[in-house]
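Asker: Contents of input02.cif (mmCIF, C-alpha atoms):
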```cif
data_coords
#
loop_
_atom_site.label_atom_id
_atom_site.label_comp_id
_atom_site.auth_asym_id
_atom_site.auth_seq_id
_atom_site.Cartn_x
_atom_site.Cartn_y
_atom_site.Cartn_z
CA MET A 1 0.00 0.00 0.00
CA ALA A 2 2.96 2.31 0.47
CA GLY A 3 3.20 5.14 -2.02
CA GLN A 4 -0.23 4.45 -3.52
CA HIS A 5 -2.22 7.05 -1.62
CA GLU A 6 -2.48 10.71 -2.47
CA LEU A 7 -4.63 12.21 0.25
CA LEU A 8 -5.87 11.57 3.78
CA LEU A 9 -8.74 13.68 5.12
CA GLU A 10 -8.55 12.94 8.83
CA GLY A 11 -10.82 13.28 11.82
CA ALA A 12 -13.86 15.08 10.43
CA GLN A 13 -16.56 16.00 12.92
CA GLN A 14 -19.05 14.70 10.36
CA LEU A 15 -18.50 12.67 7.19
CA VAL A 16 -21.59 12.66 4.95
CA LEU A 17 -21.36 9.50 2.87
CA VAL A 18 -24.92 9.88 1.47
CA CYS A 19 -24.95 6.20 0.43
CA THR A 20 -23.23 3.07 1.75
CA LYS A 21 -24.52 0.23 -0.44
CA GLY A 22 -23.84 1.43 -3.96
CA GLU A 23 -27.34 2.79 -4.45
CA LYS A 24 -27.85 4.41 -7.86
CA TYR A 25 -30.40 6.86 -6.39
CA LEU A 26 -32.38 7.47 -3.22
CA LEU A 27 -36.14 7.71 -2.90
CA GLU A 28 -37.93 9.61 -0.13
CA SER A 29 -37.21 7.18 2.73
CA GLY A 30 -33.56 6.79 1.77
CA MET A 31 -33.10 10.54 1.42
CA GLN A 32 -34.40 11.06 4.93
CA ASN A 33 -31.86 8.57 6.31
CA LEU A 34 -28.61 9.82 4.83
CA ALA A 35 -25.49 7.99 5.93
CA VAL A 36 -23.49 10.33 8.22
CA LEU A 37 -20.48 9.27 10.33
CA GLU A 38 -18.95 11.11 13.29
CA ASN A 39 -15.17 11.43 13.84
CA ALA A 40 -14.31 9.90 10.49
CA SER A 41 -11.65 9.95 7.77
CA VAL A 42 -11.37 9.45 3.99
CA VAL A 43 -8.48 8.08 1.93
CA ILE A 44 -8.11 8.90 -1.77
CA GLY A 45 -5.61 7.03 -3.96
CA LYS A 46 -3.20 8.35 -6.55
CA ASP A 47 -5.70 7.33 -9.23
CA GLY A 48 -8.18 9.85 -7.80
CA TYR A 49 -10.61 7.24 -6.47
CA ILE A 50 -11.80 6.73 -2.89
CA LYS A 51 -9.99 3.86 -1.18
CA ALA A 52 -11.52 4.03 2.29
CA ALA A 53 -14.04 6.01 4.33
CA GLY A 54 -14.90 5.32 7.95
CA ASP A 55 -14.11 5.68 11.64
CA VAL A 56 -10.89 7.58 12.28
CA ASP A 57 -9.30 4.80 14.38
CA ALA A 58 -10.22 2.08 11.88
CA ILE A 59 -8.67 4.11 9.04
CA ARG A 60 -5.49 4.68 11.10
CA ASN A 61 -5.16 0.95 11.72
CA GLN A 62 -5.89 0.02 8.11
CA PHE A 63 -3.27 2.46 6.78
CA SER A 64 -0.65 2.29 9.52
CA GLY A 65 2.80 2.71 8.05
CA VAL A 66 1.46 4.31 4.85
CA THR A 67 2.94 7.62 3.74
CA PHE A 68 0.42 10.07 2.29
CA GLU A 69 1.39 12.86 -0.04
CA LYS A 70 -0.94 15.19 1.86
CA ILE A 71 -2.92 15.01 5.09
CA ILE A 72 -5.68 17.51 5.89
CA ASP A 73 -6.74 17.81 9.52
CA CYS A 74 -10.55 18.00 9.41
CA SER A 75 -11.10 18.36 13.16
CA GLY A 76 -14.28 20.33 13.83
CA LYS A 77 -15.15 20.30 10.12
CA CYS A 78 -17.41 18.33 7.78
CA ILE A 79 -16.70 16.36 4.62
CA LEU A 80 -19.41 16.06 1.99
CA PRO A 81 -19.56 14.66 -1.56
CA GLY A 82 -18.93 17.17 -4.32
CA LEU A 83 -22.20 18.73 -5.44
CA VAL A 84 -23.73 17.83 -8.81
CA ASP A 85 -25.52 20.49 -10.85
CA ALA A 86 -27.85 18.57 -13.15
CA HIS A 87 -29.06 21.43 -15.41
CA THR A 88 -27.13 24.45 -16.70
CA HIS A 89 -26.82 26.65 -19.81
CA PRO A 90 -23.34 28.07 -19.17
CA VAL A 91 -21.99 28.82 -22.68
CA TRP A 92 -23.28 32.14 -24.00
CA ALA A 93 -22.50 35.76 -24.74
CA GLY A 94 -24.57 38.85 -23.95
CA ASP A 95 -26.12 39.13 -20.49
CA ARG A 96 -29.82 39.86 -20.01
CA VAL A 97 -29.78 42.10 -16.97
CA HIS A 98 -32.16 44.48 -18.76
CA GLU A 99 -34.73 41.68 -18.98
CA PHE A 100 -34.63 41.18 -15.23
CA ALA A 101 -35.97 44.72 -14.89
CA MET A 102 -38.73 43.85 -17.39
CA LYS A 103 -39.69 40.76 -15.40
CA LEU A 104 -39.80 42.77 -12.18
CA ALA A 105 -42.18 45.18 -13.96
CA GLY A 106 -44.52 42.30 -14.79
CA ALA A 107 -43.42 40.90 -18.17
CA SER A 108 -43.67 37.11 -18.42
CA TYR A 109 -41.00 34.81 -19.85
CA MET A 110 -43.05 34.28 -23.03
CA ASP A 111 -43.80 38.04 -23.34
CA ILE A 112 -40.07 38.69 -23.54
CA HIS A 113 -39.47 35.69 -25.79
CA GLN A 114 -42.15 36.73 -28.30
CA ALA A 115 -40.78 40.30 -28.39
CA GLY A 116 -37.45 38.95 -29.67
CA GLY A 117 -35.72 38.86 -26.29
CA GLY A 118 -34.93 35.88 -24.12
CA ILE A 119 -33.25 33.01 -25.92
CA HIS A 120 -33.18 34.88 -29.26
CA PHE A 121 -31.28 37.81 -27.72
CA THR A 122 -28.64 35.40 -26.42
CA VAL A 123 -28.54 33.50 -29.72
CA GLU A 124 -27.75 36.70 -31.61
CA HIS A 125 -24.81 37.52 -29.33
CA THR A 126 -23.53 33.94 -29.09
CA ARG A 127 -23.47 33.54 -32.88
CA LYS A 128 -21.27 36.63 -33.21
CA THR A 129 -18.80 35.64 -30.48
CA SER A 130 -15.64 33.67 -31.22
CA GLU A 131 -15.07 30.18 -29.89
CA ASP A 132 -12.16 31.33 -27.75
CA GLU A 133 -14.13 34.22 -26.22
CA LEU A 134 -16.95 31.82 -25.38
CA PHE A 135 -14.47 29.43 -23.79
CA GLN A 136 -12.88 32.12 -21.61
CA SER A 137 -16.22 33.28 -20.19
CA PHE A 138 -17.38 29.67 -19.80
CA LYS A 139 -14.18 28.79 -17.94
CA GLN A 140 -14.75 31.61 -15.43
CA ARG A 141 -18.32 30.40 -14.81
CA LEU A 142 -17.12 26.85 -14.23
CA LEU A 143 -14.48 28.04 -11.76
CA ARG A 144 -17.17 30.00 -9.93
CA MET A 145 -19.28 26.84 -9.75
CA LEU A 146 -16.29 24.93 -8.39
CA ARG A 147 -15.79 27.48 -5.62
CA GLY A 148 -19.44 26.92 -4.72
CA GLY A 149 -18.84 23.19 -4.32
CA THR A 150 -19.97 21.86 -7.72
CA THR A 151 -17.65 19.12 -8.97
CA LEU A 152 -19.85 17.66 -11.73
CA VAL A 153 -22.00 19.84 -13.98
CA GLU A 154 -24.32 19.27 -16.92
CA CYS A 155 -23.63 21.82 -19.70
CA LYS A 156 -25.99 22.49 -22.59
CA SER A 157 -25.60 24.04 -26.00
CA GLY A 158 -28.74 25.72 -27.32
CA TYR A 159 -27.84 29.35 -28.00
CA GLY A 160 -26.90 28.70 -31.61
CA LEU A 161 -29.99 27.10 -33.17
CA ASN A 162 -27.98 26.65 -36.37
CA LEU A 163 -25.48 23.87 -36.97
CA GLU A 164 -22.40 26.11 -37.02
CA THR A 165 -23.01 27.76 -33.65
CA GLU A 166 -24.32 24.63 -31.92
CA ILE A 167 -21.11 22.83 -32.93
CA LYS A 168 -19.09 25.85 -31.78
CA MET A 169 -20.72 25.65 -28.34
CA LEU A 170 -20.19 21.90 -28.09
CA ARG A 171 -16.51 22.39 -29.00
CA VAL A 172 -16.22 24.90 -26.16
CA ILE A 173 -17.76 22.36 -23.75
CA GLU A 174 -15.45 19.63 -25.05
CA ARG A 175 -12.40 21.87 -24.62
CA ALA A 176 -13.39 22.50 -21.00
CA ARG A 177 -13.83 18.77 -20.46
CA GLN A 178 -10.28 18.22 -21.74
CA GLU A 179 -8.54 21.16 -20.05
CA LEU A 180 -10.33 21.61 -16.71
CA THR A 181 -10.69 19.29 -13.75
CA ILE A 182 -14.41 19.76 -13.08
CA GLY A 183 -16.57 16.89 -14.31
CA ILE A 184 -18.79 17.73 -17.30
CA SER A 185 -21.81 16.06 -18.86
CA SER A 186 -22.37 17.55 -22.33
CA THR A 187 -25.86 18.11 -23.73
CA TYR A 188 -26.92 18.96 -27.27
CA CYS A 189 -29.86 21.38 -26.98
CA GLY A 190 -30.29 22.56 -30.56
CA ALA A 191 -34.05 22.42 -30.00
CA HIS A 192 -33.92 25.10 -27.31
CA SER A 193 -36.05 27.40 -29.45
CA VAL A 194 -37.33 27.65 -33.02
CA PRO A 195 -34.88 29.78 -35.07
CA LYS A 196 -36.32 32.91 -36.64
CA ASP A 197 -35.80 31.66 -40.21
CA LYS A 198 -37.72 28.38 -39.73
CA ASP A 199 -40.98 27.05 -38.40
CA ALA A 200 -41.04 24.28 -35.79
CA LEU A 201 -41.48 21.49 -38.37
CA GLU A 202 -38.57 22.76 -40.49
CA ALA A 203 -36.39 23.12 -37.36
CA THR A 204 -37.27 19.58 -36.29
CA ASP A 205 -36.36 18.15 -39.70
CA ASP A 206 -33.11 20.15 -39.72
CA ILE A 207 -32.07 18.76 -36.34
CA ILE A 208 -32.92 15.17 -37.25
CA ASN A 209 -31.50 15.17 -40.78
CA ILE A 210 -28.47 17.49 -40.43
CA HIS A 211 -27.49 18.27 -36.83
CA LEU A 212 -27.65 14.79 -35.30
CA PRO A 213 -25.80 12.99 -38.12
CA LYS A 214 -23.05 15.62 -37.80
CA LEU A 215 -22.83 15.04 -34.04
CA LYS A 216 -22.51 11.30 -34.63
CA GLU A 217 -19.72 11.92 -37.16
CA LEU A 218 -17.81 14.23 -34.78
CA ASP A 219 -18.16 11.69 -31.98
CA LEU A 220 -16.88 8.84 -34.14
CA ASN A 221 -13.91 11.02 -35.15
CA GLY A 222 -13.13 11.69 -31.47
CA GLU A 223 -13.60 15.45 -31.87
CA ILE A 224 -16.65 16.00 -29.65
CA HIS A 225 -18.38 13.68 -27.19
CA VAL A 226 -21.99 14.50 -26.31
CA ASP A 227 -23.82 12.67 -23.52
CA ASN A 228 -27.42 13.91 -23.64
CA ILE A 229 -30.10 15.29 -25.94
CA ASP A 230 -32.50 18.04 -24.85
CA VAL A 231 -35.60 19.74 -26.32
CA PHE A 232 -37.62 22.65 -24.94
CA CYS A 233 -41.08 21.12 -25.22
CA GLU A 234 -43.43 24.04 -24.72
CA LYS A 235 -46.47 25.76 -26.18
CA GLY A 236 -45.23 28.03 -28.98
CA VAL A 237 -41.85 26.25 -29.17
CA PHE A 238 -41.60 22.49 -29.89
CA ASP A 239 -44.83 20.50 -29.55
CA LEU A 240 -45.09 16.98 -28.18
CA ASN A 241 -44.82 15.26 -31.57
CA SER A 242 -41.74 17.23 -32.68
CA THR A 243 -40.18 16.63 -29.27
CA ARG A 244 -40.78 12.89 -29.55
CA ARG A 245 -39.19 12.79 -33.01
CA ILE A 246 -36.06 14.70 -31.94
CA LEU A 247 -35.56 12.80 -28.70
CA GLN A 248 -36.01 9.42 -30.39
CA ALA A 249 -33.52 10.38 -33.11
CA GLY A 250 -31.03 11.39 -30.41
CA LYS A 251 -31.58 8.15 -28.53
CA ASP A 252 -30.99 6.23 -31.77
CA ILE A 253 -27.42 7.62 -31.96
CA GLY A 254 -26.72 6.76 -28.33
CA LEU A 255 -27.62 9.98 -26.47
CA GLN A 256 -29.38 9.95 -23.11
CA ILE A 257 -32.74 11.73 -23.11
CA ASN A 258 -32.73 14.63 -20.64
CA PHE A 259 -35.13 17.40 -21.63
CA HIS A 260 -37.17 20.49 -20.61
CA GLY A 261 -40.80 19.61 -19.96
CA ASP A 262 -44.08 20.80 -18.43
CA GLU A 263 -42.60 24.13 -17.39
CA LEU A 264 -45.02 26.88 -18.42
CA HIS A 265 -47.96 24.80 -19.65
CA PRO A 266 -49.08 21.19 -19.07
CA MET A 267 -47.77 19.38 -22.16
CA LYS A 268 -47.74 15.71 -21.02
CA CYS A 269 -43.94 15.77 -21.24
CA ALA A 270 -43.55 13.55 -18.19
CA GLU A 271 -45.65 10.85 -19.83
CA LEU A 272 -43.65 11.22 -23.07
CA GLY A 273 -40.32 10.99 -21.25
CA ALA A 274 -41.37 7.88 -19.36
CA ASP A 275 -42.53 6.28 -22.62
CA LEU A 276 -39.22 7.05 -24.38
CA GLY A 277 -37.05 5.82 -21.49
CA ALA A 278 -35.73 9.29 -20.62
CA GLN A 279 -32.99 9.47 -18.00
CA ALA A 280 -34.40 12.76 -16.69
CA ILE A 281 -36.85 15.60 -17.30
CA SER A 282 -36.31 19.14 -16.01
CA HIS A 283 -38.67 21.82 -14.68
CA LEU A 284 -42.04 20.02 -14.34
CA GLU A 285 -43.86 22.92 -12.69
CA GLU A 286 -46.98 21.89 -14.67
CA ILE A 287 -46.66 18.10 -14.43
CA SER A 288 -49.88 16.06 -14.31
CA ASN A 289 -50.72 13.43 -11.69
CA GLU A 290 -50.45 10.81 -14.43
CA GLY A 291 -47.03 12.17 -15.34
CA ILE A 292 -45.80 11.80 -11.77
CA THR A 293 -46.95 8.18 -11.71
CA ALA A 294 -45.34 7.48 -15.08
CA MET A 295 -41.98 8.97 -14.05
CA ALA A 296 -41.95 7.00 -10.80
CA GLN A 297 -42.61 3.74 -12.64
CA ALA A 298 -40.02 4.47 -15.33
CA LYS A 299 -37.32 5.53 -12.83
CA CYS A 300 -36.99 8.78 -14.79
CA ALA A 301 -35.42 11.48 -12.62
CA ALA A 302 -37.16 14.81 -12.06
CA ILE A 303 -34.62 17.65 -12.13
CA LEU A 304 -36.28 20.43 -10.18
CA LEU A 305 -35.03 24.01 -10.61
CA PRO A 306 -36.09 26.20 -7.68
CA THR A 307 -34.20 29.25 -8.98
CA THR A 308 -36.34 29.35 -12.14
CA ALA A 309 -39.65 29.24 -10.29
CA TYR A 310 -38.30 31.89 -7.91
CA ILE A 311 -37.02 34.31 -10.57
CA LEU A 312 -39.95 33.86 -12.99
CA ARG A 313 -42.51 33.81 -10.17
CA LEU A 314 -43.88 30.48 -11.33
CA LYS A 315 -45.68 28.04 -9.12
CA GLN A 316 -43.24 25.72 -7.38
CA PRO A 317 -42.69 22.17 -8.63
CA GLN A 318 -44.57 19.58 -6.57
CA ALA A 319 -41.50 18.15 -4.87
CA ARG A 320 -43.36 16.66 -1.90
CA LYS A 321 -45.94 14.89 -4.08
CA MET A 322 -43.21 13.56 -6.36
CA LEU A 323 -41.20 12.26 -3.41
CA LYS A 324 -44.26 10.66 -1.81
CA GLU A 325 -45.15 8.87 -5.04
CA GLY A 326 -41.66 7.46 -5.62
CA VAL A 327 -40.11 9.84 -8.15
CA ILE A 328 -36.31 10.22 -8.12
CA VAL A 329 -35.93 13.94 -7.32
CA ALA A 330 -32.75 15.78 -8.34
CA LEU A 331 -31.77 19.45 -8.31
CA GLY A 332 -30.10 21.83 -10.75
CA SER A 333 -29.27 25.52 -10.82
CA ASP A 334 -30.60 26.21 -14.35
CA PHE A 335 -27.72 28.69 -14.62
CA ASN A 336 -28.39 30.81 -17.72
CA PRO A 337 -28.78 34.51 -18.64
CA ASN A 338 -32.41 34.33 -17.55
CA ALA A 339 -31.75 32.75 -14.13
CA TYR A 340 -28.27 33.81 -13.08
CA CYS A 341 -27.42 31.49 -10.19
CA CYS A 342 -24.59 28.99 -10.20
CA SER A 343 -24.60 28.19 -6.47
CA MET A 344 -25.90 24.74 -5.58
CA PRO A 345 -25.92 25.60 -1.82
CA MET A 346 -28.38 28.40 -2.63
CA VAL A 347 -30.39 26.03 -4.85
CA MET A 348 -30.64 23.56 -1.96
CA HIS A 349 -31.75 26.32 0.41
CA LEU A 350 -34.49 27.44 -2.01
CA ALA A 351 -35.58 23.81 -2.46
CA CYS A 352 -36.03 23.53 1.30
CA VAL A 353 -37.86 26.83 1.82
CA ASN A 354 -39.96 27.03 -1.35
CA MET A 355 -40.45 23.36 -2.28
CA LYS A 356 -40.69 22.10 1.32
CA MET A 357 -37.84 19.60 1.02
CA SER A 358 -35.83 18.68 4.10
CA MET A 359 -32.11 19.47 4.20
CA LYS A 360 -31.28 15.75 3.92
CA GLU A 361 -33.55 15.43 0.89
CA ALA A 362 -32.02 18.51 -0.72
CA LEU A 363 -28.46 17.23 -0.26
CA ALA A 364 -29.35 13.81 -1.70
CA ALA A 365 -31.07 15.56 -4.62
CA ALA A 366 -27.91 17.63 -5.26
CA THR A 367 -25.53 14.66 -5.03
CA ILE A 368 -26.52 11.03 -5.71
CA ASN A 369 -29.83 11.80 -7.46
CA ALA A 370 -28.38 14.58 -9.61
CA ALA A 371 -25.59 12.17 -10.58
CA TYR A 372 -28.23 9.56 -11.47
CA ALA A 373 -30.03 12.14 -13.65
CA LEU A 374 -26.80 12.39 -15.66
CA GLY A 375 -26.22 8.64 -15.74
CA LYS A 376 -23.16 9.00 -13.50
CA SER A 377 -24.21 7.76 -10.06
CA ASN A 378 -21.85 4.80 -10.41
CA THR A 379 -18.90 7.20 -10.13
CA HIS A 380 -20.27 10.38 -8.49
CA GLY A 381 -22.70 11.59 -5.84
CA SER A 382 -21.58 9.81 -2.68
CA ILE A 383 -18.46 9.03 -0.67
CA GLU A 384 -18.00 5.29 -1.24
CA ILE A 385 -15.03 3.07 -2.03
CA GLY A 386 -14.38 2.98 -5.78
CA LYS A 387 -16.04 6.31 -6.58
CA LYS A 388 -14.21 9.39 -7.78
CA GLY A 389 -12.61 11.44 -5.01
CA ASP A 390 -14.81 14.52 -5.42
CA LEU A 391 -15.36 16.08 -1.99
CA LEU A 392 -15.91 19.29 -0.06
CA ILE A 393 -14.57 20.24 3.34
CA ILE A 394 -16.64 22.87 5.09
CA ASN A 395 -15.58 24.92 8.09
CA ALA A 396 -18.54 24.01 10.30
CA SER A 397 -19.30 21.35 12.89
CA ARG A 398 -22.54 20.24 11.21
CA TRP A 399 -22.99 19.65 7.48
CA GLU A 400 -26.39 21.37 7.42
CA HIS A 401 -24.65 24.76 7.61
CA LEU A 402 -23.98 24.47 3.87
CA ILE A 403 -27.74 24.83 3.28
CA TYR A 404 -28.73 26.80 6.38
CA GLN A 405 -26.37 29.72 5.74
CA PHE A 406 -28.14 31.19 2.70
CA GLY A 407 -25.53 32.85 0.49
CA GLY A 408 -22.80 31.99 3.00
CA HIS A 409 -20.95 29.25 1.17
CA GLN A 410 -18.05 31.58 0.27
CA GLU A 411 -17.03 31.53 3.94
CA LEU A 412 -17.95 27.91 4.61
CA ILE A 413 -16.30 25.91 1.84
CA GLU A 414 -12.65 25.53 2.78
CA TYR A 415 -11.54 22.92 0.24
CA VAL A 416 -12.91 21.59 -3.04
CA ILE A 417 -11.29 18.31 -4.11
CA VAL A 418 -11.81 16.77 -7.56
CA LYS A 419 -10.43 13.32 -8.40
CA GLY A 420 -8.26 13.50 -5.31
CA LYS A 421 -6.66 16.84 -6.21
CA ILE A 422 -7.19 20.02 -4.20
CA ILE A 423 -8.66 22.33 -6.81
CA TYR A 424 -9.70 25.15 -4.48
CA LYS A 425 -8.50 26.23 -1.06
CA ASN A 426 -10.35 29.13 0.47
CA THR A 427 -7.83 31.71 1.63
CA ASN A 428 -10.59 33.94 3.00
CA ILE A 429 -11.14 31.66 6.01
CA LEU A 430 -9.01 33.11 8.80
CA ASP A 431 -8.02 31.58 12.12
CA TYR A 432 -7.91 34.18 14.89
#
```
Just give me the structure as structure tokens.
Answerer:
Amino acid sequence: MAGQHELLLEGAQQLVLVCTKGEKYLLESGMQNLAVLENASVVIGKDGYIKAAGDVDAIRNQFSGVTFEKIIDCSGKCILPGLVDAHTHPVWAGDRVHEFAMKLAGASYMDIHQAGGGIHFTVEHTRKTSEDELFQSFKQRLLRMLRGGTTLVECKSGYGLNLETEIKMLRVIERARQELTIGISSTYCGAHSVPKDKDALEATDDIINIHLPKLKELDLNGEIHVDNIDVFCEKGVFDLNSTRRILQAGKDIGLQINFHGDELHPMKCAELGADLGAQAISHLEEISNEGITAMAQAKCAAILLPTTAYILRLKQPQARKMLKEGVIVALGSDFNPNAYCCSMPMVMHLACVNMKMSMKEALAAATINAAYALGKSNTHGSIEIGKKGDLLIINASRWEHLIYQFGGHQELIEYVIVKGKIIYKNTNILDY
């Protein structure tokens, strides 16, 4: 064992494992009984994977005589799994701060969209911006997410709506995957809106006949790897039939289905997703009772986005009903120019206050269940032997402070560790 271990995190007041039996996700009862150890340690190997997690004395005995490259004293602190943000739109140019003022004055999301703002405003600016400029702004957003504890993030395209710009965005995401340490799940979202020069049917045919074959070609050539396919299924955007066609075509080339549904109007997206074998559906503010049942039976994750409902003043997703009926509930920030929040601690807080989730449920939804929504709960989302060494150390004696201290994570998160490497150390935490 000598020389094979990179990092020892020793003597944490609390170690939040989340899972202990290799669970792929947690339902309501499991979320309410999160695995938490007292006075515990974690060992991460040179390969970046977790080798041991347990009682401090047992770890000392197991690794007696082993030399670690680094030891972090976690006395009085808590160790948690790295957070997983299951829904973001982080590659774009042109902020929409002016639209926030419009929303505060009473304009709805669709009012702004139909007036040429919203997605189309961002599309116009993103099309004109170079790939390198997009990468530099994207990189800064990812680093900001990392400082907030996110170690795995889903990243969508969708501000191109033509093949050239969608590919440009996916290249930016691929470059970040290659150059940065943060984990990335890449999503093609060319059906984010109907481009101005096409109707919905023409846009659907374009995606199926031109965009998706090109993505398959780029993947086979090793240039771009895409994990998921997304469609904004909404009244006035892509209807249920077009959505089905696009998602099925994406599934046929090996992409996971993970799409926007039942956000502003009841569209029966949940039922569609369950029928197609979707990995996850996001938003779901307007989900039907039948849709909830269908998602629970299909083990299709519900990615709930409390920031969106908060900023757009929508009714809150029915988190409690979904949990009670056996839906796998995950969380995402929905970071985008319309809902500018990239802090998963704040997302968890809003989920607790506005969606009536408990803190344990919120943490499970932002770790193991968010990882499941991305098809990555075998490697992410909990602190278990064999999983990637993605962890947070917070400067508090109870883990709940990460959620309780609304907006306070900048002072709480002391270390962010990805694949066993210390990626962020908070120099603002002072010992007096």
Asker: Between A:Arg245, A:Arg175, A:His401, A:His283, which residue has the minimum interatomic distance to Ala203 in chain A, considering all atoms listed in the file?
Answerer: A:Arg245
Asker: For a quick check of understanding, using all atoms listed in the file, which of A:Leu83, A:Cys78, A:Leu27, A:Ile71 has the smallest distance to Ala12 in chain A?
Answerer: A:Cys78
Asker: Within 7 Å of (-1.7, 7.9, -3.1), all atoms listed in the file: residues as a compact mmCIF listing (two decimals) with C-alpha atoms, in the coordinates of the input?
Answerer:
```
# COMPACT_ATOMS: atom_id res chain seq x y z
CA GLY A 3 3.20 5.14 -2.02
CA GLN A 4 -0.23 4.45 -3.52
CA HIS A 5 -2.22 7.05 -1.62
CA GLU A 6 -2.48 10.71 -2.47
CA LEU A 7 -4.63 12.21 0.25
CA ILE A 44 -8.11 8.90 -1.77
CA GLY A 45 -5.61 7.03 -3.96
CA LYS A 46 -3.20 8.35 -6.55
CA PHE A 68 0.42 10.07 2.29
CA GLU A 69 1.39 12.86 -0.04
```
Asker: Translate the PyMOL selection byres ((chain A and resi 415-419) around 6), as applied to the file shown, into an explicit residue set as a PyMOL selection string.
Answerer: chain A and resi 48+388-393+413-414+420-425
Asker: Only C-alpha atoms, please: the residues just picked out, written as a CSV table (one decimal), in the frame of the given file.
Answerer:
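After the write, selection.csv holds the following:
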```csv
chain,number,residue,atom,x,y,z
A,48,GLY,CA,-8.2,9.8,-7.8
A,388,LYS,CA,-14.2,9.4,-7.8
A,389,GLY,CA,-12.6,11.4,-5.0
A,390,ASP,CA,-14.8,14.5,-5.4
A,391,LEU,CA,-15.4,16.1,-2.0
A,392,LEU,CA,-15.9,19.3,-0.1
A,393,ILE,CA,-14.6,20.2,3.3
A,413,ILE,CA,-16.3,25.9,1.8
A,414,GLU,CA,-12.6,25.5,2.8
A,420,GLY,CA,-8.3,13.5,-5.3
A,421,LYS,CA,-6.7,16.8,-6.2
A,422,ILE,CA,-7.2,20.0,-4.2
A,423,ILE,CA,-8.7,22.3,-6.8
A,424,TYR,CA,-9.7,25.2,-4.5
A,425,LYS,CA,-8.5,26.2,-1.1
```
Asker: Select, from A:Val353, A:Ile303, A:Leu143, A:Met322, the residue with the minimum atom-to-atom distance to Asn289 in chain A, counting all atoms listed in the file.
Answerer: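 Closest to Asn289 in chain A, using all atoms listed in the file: A:Met322.
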Asker: For the provided coordinates, the residues matched by the PyMOL selection byres ((chain A and resi 272) around 12) should be stated as a VMD selection string.
Answerer: chain A and resid 233 239 to 245 247 to 248 257 to 262 267 to 271 273 to 281 287 to 288 290 to 292 294 to 295 298 300
Asker: Deliver the residues from the most recent selection as a file, using C-alpha atoms, as a compact mmCIF listing (two decimals), keeping the file's coordinate frame.
Answerer:
```
# COMPACT_ATOMS: atom_id res chain seq x y z
CA CYS A 233 -41.08 21.12 -25.22
CA ASP A 239 -44.83 20.50 -29.55
CA LEU A 240 -45.09 16.98 -28.18
CA ASN A 241 -44.82 15.26 -31.57
CA SER A 242 -41.74 17.23 -32.68
CA THR A 243 -40.18 16.63 -29.27
CA ARG A 244 -40.78 12.89 -29.55
CA ARG A 245 -39.19 12.79 -33.01
CA LEU A 247 -35.56 12.80 -28.70
CA GLN A 248 -36.01 9.42 -30.39
CA ILE A 257 -32.74 11.73 -23.11
CA ASN A 258 -32.73 14.63 -20.64
CA PHE A 259 -35.13 17.40 -21.63
CA HIS A 260 -37.17 20.49 -20.61
CA GLY A 261 -40.80 19.61 -19.96
CA ASP A 262 -44.08 20.80 -18.43
CA MET A 267 -47.77 19.38 -22.16
CA LYS A 268 -47.74 15.71 -21.02
CA CYS A 269 -43.94 15.77 -21.24
CA ALA A 270 -43.55 13.55 -18.19
CA GLU A 271 -45.65 10.85 -19.83
CA GLY A 273 -40.32 10.99 -21.25
CA ALA A 274 -41.37 7.88 -19.36
CA ASP A 275 -42.53 6.28 -22.62
CA LEU A 276 -39.22 7.05 -24.38
CA GLY A 277 -37.05 5.82 -21.49
CA ALA A 278 -35.73 9.29 -20.62
CA GLN A 279 -32.99 9.47 -18.00
CA ALA A 280 -34.40 12.76 -16.69
CA ILE A 281 -36.85 15.60 -17.30
CA ILE A 287 -46.66 18.10 -14.43
CA SER A 288 -49.88 16.06 -14.31
CA GLU A 290 -50.45 10.81 -14.43
CA GLY A 291 -47.03 12.17 -15.34
CA ILE A 292 -45.80 11.80 -11.77
CA ALA A 294 -45.34 7.48 -15.08
CA MET A 295 -41.98 8.97 -14.05
CA ALA A 298 -40.02 4.47 -15.33
CA CYS A 300 -36.99 8.78 -14.79
```
Asker: Go through A:Glu23, A:Glu154, A:Glu411, A:Glu234 and flag the residue nearest Pro90 in chain A, using all atoms listed in the file for the distances.
Answerer: A:Glu154
Asker: Using all atoms listed in the file, which of A:Leu220, A:Ala40, A:Ile246, A:Ile173 sits nearest Ile207 in chain A?
Answerer: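 Closest residue, counting all atoms listed in the file: A:Ile246.
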Asker: What residues come out when you apply the PyMOL selection byres ((chain A and resi 28) around 7) to this file, written as a list in words?
Answerer: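 Against this file, the PyMOL selection byres ((chain A and resi 28) around 7) returns the residues Leu26, Leu27, Ser29, Gly30, Met31, Gln32, Leu323, Lys324 and Gly326 of chain A.
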Asker: Take the residues that were just selected and, keeping C-alpha atoms, output them as a CSV table (one decimal), in the frame of the given file.
Answerer:
```csv
chain,number,residue,atom,x,y,z
A,26,LEU,CA,-32.4,7.5,-3.2
A,27,LEU,CA,-36.1,7.7,-2.9
A,29,SER,CA,-37.2,7.2,2.7
A,30,GLY,CA,-33.6,6.8,1.8
A,31,MET,CA,-33.1,10.5,1.4
A,32,GLN,CA,-34.4,11.1,4.9
A,323,LEU,CA,-41.2,12.3,-3.4
A,324,LYS,CA,-44.3,10.7,-1.8
A,326,GLY,CA,-41.7,7.5,-5.6
```
Asker: Work out how far CA of Tyr372 in chain A is from CA of Pro81 in chain A, in Å to one decimal.
Answerer: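 Those two atoms sit 14.1 Å apart.
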Asker: Compare A:Asn61, A:Phe238, A:Ala93, A:Arg147 by their minimum atom-to-atom distance to Thr427 in chain A, counting all atoms listed in the file, and give me the closest one.
Answerer: A:Arg147
